[in-house]
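> This is the structure I have questions about; it appears just below.
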Amino acid sequence: MSPQPRRARRRGAGGAKAGVLPLPPLLRELLSVAGPSGYEQAAAAAWLEAAGRFADAEVDVVGTPIARVGRRRGARGAARRLVFMGHIDEIGLIVTHIDDDGYLWFGEVGGWDAQILVGQRVVLETSNGPVKGVVGRKPIHLLRGEEAKKVAEVRELHIDIGARDGEQARELVRIGDVAVIDAEPVELPNGRLSSRALDNRIGSYVALEAARLVADAGGSAWEVVAVAAAQEETTFGGSRTSAFSLEPDAAIVLDVTHATDVPGIDVKREGSHPLGSGATIGRGSFLNPAVFELLHDTAEAEKIPFTVEANGRQTGTDADAVHLSRGGVPTGLVSVPVRYMHSPVELVDLADVQAAARLLAGFAARLGARTSLAR
């Protein structure tokens, strides 16, 4: 999810189903590989391998993998296409300069809070393979006066890979190499998971898992295409190109939203969608009301826990690009609540992930030859 203001309103069922869910192997794999915007290849390869087990899978020139599930046998009427889209990229860092002492200076790939970066371990993706490093700044002991009170800025931070000097550093790393936080997924009590890149490997996972559920059910009256869009955190590149090329008759974008059960969040302003509350259905100016109502009705009929999030302007997700493609696409938004977004310790309830996948599959099952999504 790109950093944009969000508004929400609580609605629907109470908590997610009781019981602790295991971490799905594909989601673990997606969270264990690096894939900042424009460099999603490792994550896309894992996604594609899983997609190929039940769908026709391919990757486009932008680096966005897609998986097609055909219509169910005997489906009537003109062929129509539903797209499930979650972006597969994550935020990262990019090397902009290597000085003569061997320190790497970097810029942002996506939106960072620089305070989070101080003292982090990172892994750089290079032509020589992964290179480990740490993010450093002047120690607190040496900061004086106002400098000690100042919040760190990215331009004041560097990456130390332990190089003897600039010559050795340049043998290992090149300008333009990218890095991500070096952190493995951590399973916590109550079916909760902490990891970097939940924003938005969750969305790409849910899109594919929902397509799998549709395939297992024998298909839908519409063709269903799962998309793991590249470059959301920087340009919406993958969503723009995929929506244009696929020409969907409807699309549901999958992303994460801010869990509102964290200290300091004003639920009167942001709405109420805590961990364990299920899928979060978007409603607002940019989103198609007929898609919203069908998502809402599906959740209630299937007893899938959900909340409603109100967006008065842009959503900060791929939905902002998809709904404007060609002559326009009826677009919905389903999100999963996540704590500590754009940090190495993003935190999710796996029951909410499952609820989102079930909601999308249920939506697809309700589509028919005469389903109208006109405003």
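Residue names in the structure tokens use chain letters A, B, ... in the order shown, residue numbers from 1 in each chain, and ligand numbers from 1 in the order shown.
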DSSP says helix (DSSP H, G or I) for which residues of stretch 100-257 of chain A? Put them as a PyMOL selection string?
chain A and resi 114-117+140-142+146-149+154-156+166-172+189-191+198-216+237-246
> So that I can check the secondary structure, give me every residue of stretch 90-248 of chain A assigned strand (DSSP E or B) by backbone DSSP, as JSON, numbers by chain.
{"A": [90, 92, 93, 94, 95, 96, 97, 98, 103, 104, 105, 106, 107, 108, 109, 121, 122, 123, 124, 125, 126, 129, 130, 131, 132, 133, 134, 135, 136, 158, 159, 160, 178, 179, 180, 181, 186, 187, 188, 192, 193, 194, 195, 223, 224, 225, 226, 227, 228, 229]}
> Given the choices A:Leu198, A:Met1, A:Leu275, A:Val122, which gets closest to A:Gln231 if the distance is worked out from only C-alpha atoms?
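Closest to A:Gln231 of all the choices is A:Met1.
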> Which residues are near stretch 177-192 of chain A? Cut-off 8 Å, only C-alpha atoms, ignore same chain within fewer than 4 positions. Put them as a PyMOL selection string.
chain A and resi 19-23+28+31-32+34-36+91-95+120-126+173+196+344+347-351
> Give me a file of those residues, with N, CA and C atoms, as a PDB file, in the first residue's frame.

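So part-v8.pdb came out as:
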```pdb
ATOM      1  N   GLY A  19      -9.759 -20.255  16.639  1.00  0.00           N
ATOM      2  CA  GLY A  19      -8.805 -21.259  16.167  1.00  0.00           C
ATOM      3  C   GLY A  19      -7.579 -20.606  15.583  1.00  0.00           C
ATOM      4  N   VAL A  20      -6.479 -21.293  15.677  1.00  0.00           N
ATOM      5  CA  VAL A  20      -5.207 -20.765  15.200  1.00  0.00           C
ATOM      6  C   VAL A  20      -4.898 -21.377  13.851  1.00  0.00           C
ATOM      7  N   LEU A  21      -4.643 -20.535  12.860  1.00  0.00           N
ATOM      8  CA  LEU A  21      -4.350 -21.008  11.519  1.00  0.00           C
ATOM      9  C   LEU A  21      -2.844 -21.108  11.313  1.00  0.00           C
ATOM     10  N   PRO A  22      -2.394 -22.128  10.592  1.00  0.00           N
ATOM     11  CA  PRO A  22      -0.971 -22.245  10.294  1.00  0.00           C
ATOM     12  C   PRO A  22      -0.568 -21.253   9.209  1.00  0.00           C
ATOM     13  N   LEU A  23       0.710 -20.922   9.169  1.00  0.00           N
ATOM     14  CA  LEU A  23       1.234 -20.050   8.129  1.00  0.00           C
ATOM     15  C   LEU A  23       1.293 -20.832   6.812  1.00  0.00           C
ATOM     16  N   ARG A  28       4.746 -17.975   3.420  1.00  0.00           N
ATOM     17  CA  ARG A  28       6.077 -17.967   4.042  1.00  0.00           C
ATOM     18  C   ARG A  28       7.163 -17.752   2.981  1.00  0.00           C
ATOM     19  N   LEU A  31       7.300 -14.216   1.733  1.00  0.00           N
ATOM     20  CA  LEU A  31       7.838 -13.282   2.723  1.00  0.00           C
ATOM     21  C   LEU A  31       9.326 -13.486   2.969  1.00  0.00           C
ATOM     22  N   SER A  32       9.877 -14.565   2.464  1.00  0.00           N
ATOM     23  CA  SER A  32      11.276 -14.888   2.735  1.00  0.00           C
ATOM     24  C   SER A  32      12.223 -14.446   1.628  1.00  0.00           C
ATOM     25  N   ALA A  34      13.436 -11.384  -1.322  1.00  0.00           N
ATOM     26  CA  ALA A  34      13.446  -9.944  -1.548  1.00  0.00           C
ATOM     27  C   ALA A  34      12.696  -9.611  -2.827  1.00  0.00           C
ATOM     28  N   GLY A  35      12.013  -8.462  -2.834  1.00  0.00           N
ATOM     29  CA  GLY A  35      11.296  -8.052  -4.036  1.00  0.00           C
ATOM     30  C   GLY A  35      10.856  -6.612  -3.996  1.00  0.00           C
ATOM     31  N   PRO A  36      11.801  -5.657  -3.838  1.00  0.00           N
ATOM     32  CA  PRO A  36      11.390  -4.250  -3.887  1.00  0.00           C
ATOM     33  C   PRO A  36      10.898  -3.852  -5.267  1.00  0.00           C
ATOM     34  N   ILE A  91       8.638  -2.184  -0.220  1.00  0.00           N
ATOM     35  CA  ILE A  91       9.539  -1.044  -0.153  1.00  0.00           C
ATOM     36  C   ILE A  91      10.975  -1.538   0.058  1.00  0.00           C
ATOM     37  N   GLY A  92      11.935  -0.728  -0.317  1.00  0.00           N
ATOM     38  CA  GLY A  92      13.334  -1.119  -0.184  1.00  0.00           C
ATOM     39  C   GLY A  92      14.249   0.087  -0.233  1.00  0.00           C
ATOM     40  N   LEU A  93      15.517  -0.167  -0.460  1.00  0.00           N
ATOM     41  CA  LEU A  93      16.544   0.865  -0.536  1.00  0.00           C
ATOM     42  C   LEU A  93      17.321   0.667  -1.828  1.00  0.00           C
ATOM     43  N   ILE A  94      17.921   1.730  -2.352  1.00  0.00           N
ATOM     44  CA  ILE A  94      18.727   1.635  -3.564  1.00  0.00           C
ATOM     45  C   ILE A  94      20.030   2.398  -3.371  1.00  0.00           C
ATOM     46  N   VAL A  95      21.147   1.773  -3.725  1.00  0.00           N
ATOM     47  CA  VAL A  95      22.465   2.361  -3.525  1.00  0.00           C
ATOM     48  C   VAL A  95      22.681   3.496  -4.529  1.00  0.00           C
ATOM     49  N   GLN A 120      19.180  -1.209  11.481  1.00  0.00           N
ATOM     50  CA  GLN A 120      18.621  -2.412  10.881  1.00  0.00           C
ATOM     51  C   GLN A 120      19.684  -3.209  10.119  1.00  0.00           C
ATOM     52  N   ARG A 121      19.514  -4.522  10.094  1.00  0.00           N
ATOM     53  CA  ARG A 121      20.288  -5.369   9.201  1.00  0.00           C
ATOM     54  C   ARG A 121      19.593  -5.395   7.844  1.00  0.00           C
ATOM     55  N   VAL A 122      20.390  -5.358   6.776  1.00  0.00           N
ATOM     56  CA  VAL A 122      19.830  -5.377   5.435  1.00  0.00           C
ATOM     57  C   VAL A 122      20.541  -6.427   4.597  1.00  0.00           C
ATOM     58  N   VAL A 123      19.905  -6.811   3.497  1.00  0.00           N
ATOM     59  CA  VAL A 123      20.547  -7.691   2.516  1.00  0.00           C
ATOM     60  C   VAL A 123      20.408  -7.035   1.152  1.00  0.00           C
ATOM     61  N   LEU A 124      21.544  -6.882   0.488  1.00  0.00           N
ATOM     62  CA  LEU A 124      21.579  -6.272  -0.835  1.00  0.00           C
ATOM     63  C   LEU A 124      21.543  -7.358  -1.898  1.00  0.00           C
ATOM     64  N   GLU A 125      20.757  -7.128  -2.949  1.00  0.00           N
ATOM     65  CA  GLU A 125      20.689  -8.049  -4.075  1.00  0.00           C
ATOM     66  C   GLU A 125      21.682  -7.572  -5.123  1.00  0.00           C
ATOM     67  N   THR A 126      22.742  -8.329  -5.365  1.00  0.00           N
ATOM     68  CA  THR A 126      23.802  -7.918  -6.278  1.00  0.00           C
ATOM     69  C   THR A 126      24.073  -8.998  -7.320  1.00  0.00           C
ATOM     70  N   VAL A 173      29.424  -4.478  -4.598  1.00  0.00           N
ATOM     71  CA  VAL A 173      28.144  -3.793  -4.773  1.00  0.00           C
ATOM     72  C   VAL A 173      28.291  -2.745  -5.867  1.00  0.00           C
ATOM     73  N   ARG A 196       8.468  -8.371   7.532  1.00  0.00           N
ATOM     74  CA  ARG A 196       8.530  -7.314   6.534  1.00  0.00           C
ATOM     75  C   ARG A 196       7.743  -7.790   5.312  1.00  0.00           C
ATOM     76  N   PRO A 344       9.787  -3.337   9.479  1.00  0.00           N
ATOM     77  CA  PRO A 344      10.208  -4.747   9.438  1.00  0.00           C
ATOM     78  C   PRO A 344       9.347  -5.665  10.287  1.00  0.00           C
ATOM     79  N   LEU A 347       2.430  -6.675  11.201  1.00  0.00           N
ATOM     80  CA  LEU A 347       1.811  -7.754  11.970  1.00  0.00           C
ATOM     81  C   LEU A 347       0.376  -7.972  11.497  1.00  0.00           C
ATOM     82  N   VAL A 348       0.028  -9.244  11.260  1.00  0.00           N
ATOM     83  CA  VAL A 348      -1.278  -9.583  10.714  1.00  0.00           C
ATOM     84  C   VAL A 348      -1.858 -10.776  11.460  1.00  0.00           C
ATOM     85  N   ASP A 349      -3.172 -10.900  11.420  1.00  0.00           N
ATOM     86  CA  ASP A 349      -3.879 -12.081  11.911  1.00  0.00           C
ATOM     87  C   ASP A 349      -4.198 -12.954  10.692  1.00  0.00           C
ATOM     88  N   LEU A 350      -3.714 -14.180  10.679  1.00  0.00           N
ATOM     89  CA  LEU A 350      -3.892 -15.047   9.518  1.00  0.00           C
ATOM     90  C   LEU A 350      -5.365 -15.372   9.245  1.00  0.00           C
ATOM     91  N   ALA A 351      -6.204 -15.277  10.254  1.00  0.00           N
ATOM     92  CA  ALA A 351      -7.637 -15.500  10.028  1.00  0.00           C
ATOM     93  C   ALA A 351      -8.214 -14.415   9.118  1.00  0.00           C
TER      94      ALA A 351
END
```
> With only C-alpha atoms as the counted atoms, please give the residues lying no more than 9 Å from A:Ala228, apart from itself and same-chain residues fewer than 3 positions off, as a list in words.
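Non-adjacent residues within range: Ala44, Trp47, Thr64, Pro65, Ile66, Ala67, Phe84, Met85, Gly86, His87, Ile88, Asp89, Arg201, Gly203, Ser204, Tyr205, Ala207, Leu208, Gly238 and Ser239 of chain A.
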> So, counting only C-alpha atoms, which residue among A:Pro330, A:Gly316, A:Gly284, A:Gly278 is closest to A:Ala357?
A:Gly278
> Select, from A:Val151, A:Ser245, A:Ala114, A:Ala226, the residue with the minimum atom-to-atom distance to A:Leu213, counting only C-alpha atoms.
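For A:Leu213, the nearest of the given residues is A:Ala226.
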> Figure out the distance between atom CA of A:Gly77 and atom CA of A:Gly368, please, to one decimal in Å.
8.5 Å
> Which of these residues is nearest to A:Ser242, using only C-alpha atoms: A:Lys303, A:Arg212, A:Arg313, A:Arg326?
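Once distances to A:Ser242 are computed over only C-alpha atoms, the minimum belongs to A:Arg326.
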> Quick one, how far is atom CA of A:Leu82 from atom CA of A:Gly271?
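Atom-to-atom, atom CA of A:Leu82 and atom CA of A:Gly271 are spaced 28.7 Å apart.
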> For A:Ala279, list every protein, DNA or RNA residue within 9 Å, evaluated using only C-alpha atoms, and leave out those in the same chain fewer than 6 positions away; present the list as a PDB file with C-alpha atoms, in the first residue's frame.

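Listing of part04.pdb after writing:
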```pdb
ATOM      1  CA  HIS A 273     -10.901  -2.551  11.823  1.00  0.00           C
ATOM      2  CA  ALA A 299     -19.755 -11.529   3.316  1.00  0.00           C
ATOM      3  CA  ILE A 304     -17.387 -14.073   6.574  1.00  0.00           C
ATOM      4  CA  PRO A 305     -16.253 -11.504   9.173  1.00  0.00           C
ATOM      5  CA  PHE A 306     -15.682  -8.051   7.716  1.00  0.00           C
ATOM      6  CA  THR A 307     -15.529  -4.318   8.325  1.00  0.00           C
ATOM      7  CA  VAL A 308     -16.152  -1.405   5.968  1.00  0.00           C
ATOM      8  CA  VAL A 334     -10.653  -5.574  -0.113  1.00  0.00           C
ATOM      9  CA  SER A 335      -7.926  -5.060   2.477  1.00  0.00           C
ATOM     10  CA  VAL A 336      -6.419  -6.968   5.378  1.00  0.00           C
ATOM     11  CA  PRO A 337      -5.705  -5.086   8.639  1.00  0.00           C
ATOM     12  CA  ASP A 352      -8.144 -12.119   8.334  1.00  0.00           C
ATOM     13  CA  VAL A 353      -6.072 -13.300   5.366  1.00  0.00           C
ATOM     14  CA  GLN A 354      -8.256 -16.391   5.048  1.00  0.00           C
ATOM     15  CA  ALA A 355     -11.414 -14.283   5.331  1.00  0.00           C
ATOM     16  CA  ALA A 356     -10.302 -12.074   2.431  1.00  0.00           C
ATOM     17  CA  ALA A 357      -9.635 -15.078   0.177  1.00  0.00           C
ATOM     18  CA  LEU A 359     -14.753 -13.328   0.332  1.00  0.00           C
TER      19      LEU A 359
END
```
> My list of candidates is A:Ala42, A:Ile175, A:Leu367, A:Leu48. Which is closest to A:Asp99 when distances are computed with only C-alpha atoms?
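Among the listed residues, A:Ile175 lies closest to A:Asp99.
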> Given only C-alpha atoms as the basis, pick out the residue of A:Arg269, A:Arg358, A:His342, A:Arg73 nearest to A:Leu117.
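Between A:Arg269, A:Arg358, A:His342, A:Arg73, the residue approaching A:Leu117 most closely is A:His342.
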> Tell me which protein, DNA and RNA residues are within 7 Å of A:Thr96, counting only C-alpha atoms, leaving out same-chain ones fewer than 3 positions away, and put them as a ChimeraX atom specification.
/A:105-107,175-176
> So that I have them on file, write out the residues from the current selection with N, CA, C and O atoms, as a PDB file, in the first residue's frame.

```
ATOM      1  N   TRP A 105      25.839   4.777   0.388  1.00  0.00           N
ATOM      2  CA  TRP A 105      24.795   5.774   0.622  1.00  0.00           C
ATOM      3  C   TRP A 105      23.612   5.417  -0.261  1.00  0.00           C
ATOM      4  O   TRP A 105      23.783   4.879  -1.370  1.00  0.00           O
ATOM      5  N   PHE A 106      22.422   5.668   0.212  1.00  0.00           N
ATOM      6  CA  PHE A 106      21.248   5.091  -0.449  1.00  0.00           C
ATOM      7  C   PHE A 106      20.068   6.040  -0.469  1.00  0.00           C
ATOM      8  O   PHE A 106      19.997   7.012   0.290  1.00  0.00           O
ATOM      9  N   GLY A 107      19.134   5.725  -1.346  1.00  0.00           N
ATOM     10  CA  GLY A 107      17.842   6.389  -1.397  1.00  0.00           C
ATOM     11  C   GLY A 107      16.726   5.392  -1.121  1.00  0.00           C
ATOM     12  O   GLY A 107      16.974   4.206  -0.886  1.00  0.00           O
ATOM     13  N   ILE A 175      26.363   0.699  -7.945  1.00  0.00           N
ATOM     14  CA  ILE A 175      25.330   1.723  -7.869  1.00  0.00           C
ATOM     15  C   ILE A 175      24.051   1.173  -8.501  1.00  0.00           C
ATOM     16  O   ILE A 175      24.072   0.562  -9.574  1.00  0.00           O
ATOM     17  N   GLY A 176      22.928   1.359  -7.829  1.00  0.00           N
ATOM     18  CA  GLY A 176      21.645   0.855  -8.315  1.00  0.00           C
ATOM     19  C   GLY A 176      21.251  -0.491  -7.757  1.00  0.00           C
ATOM     20  O   GLY A 176      20.113  -0.932  -7.973  1.00  0.00           O
TER      21      GLY A 176
END
```
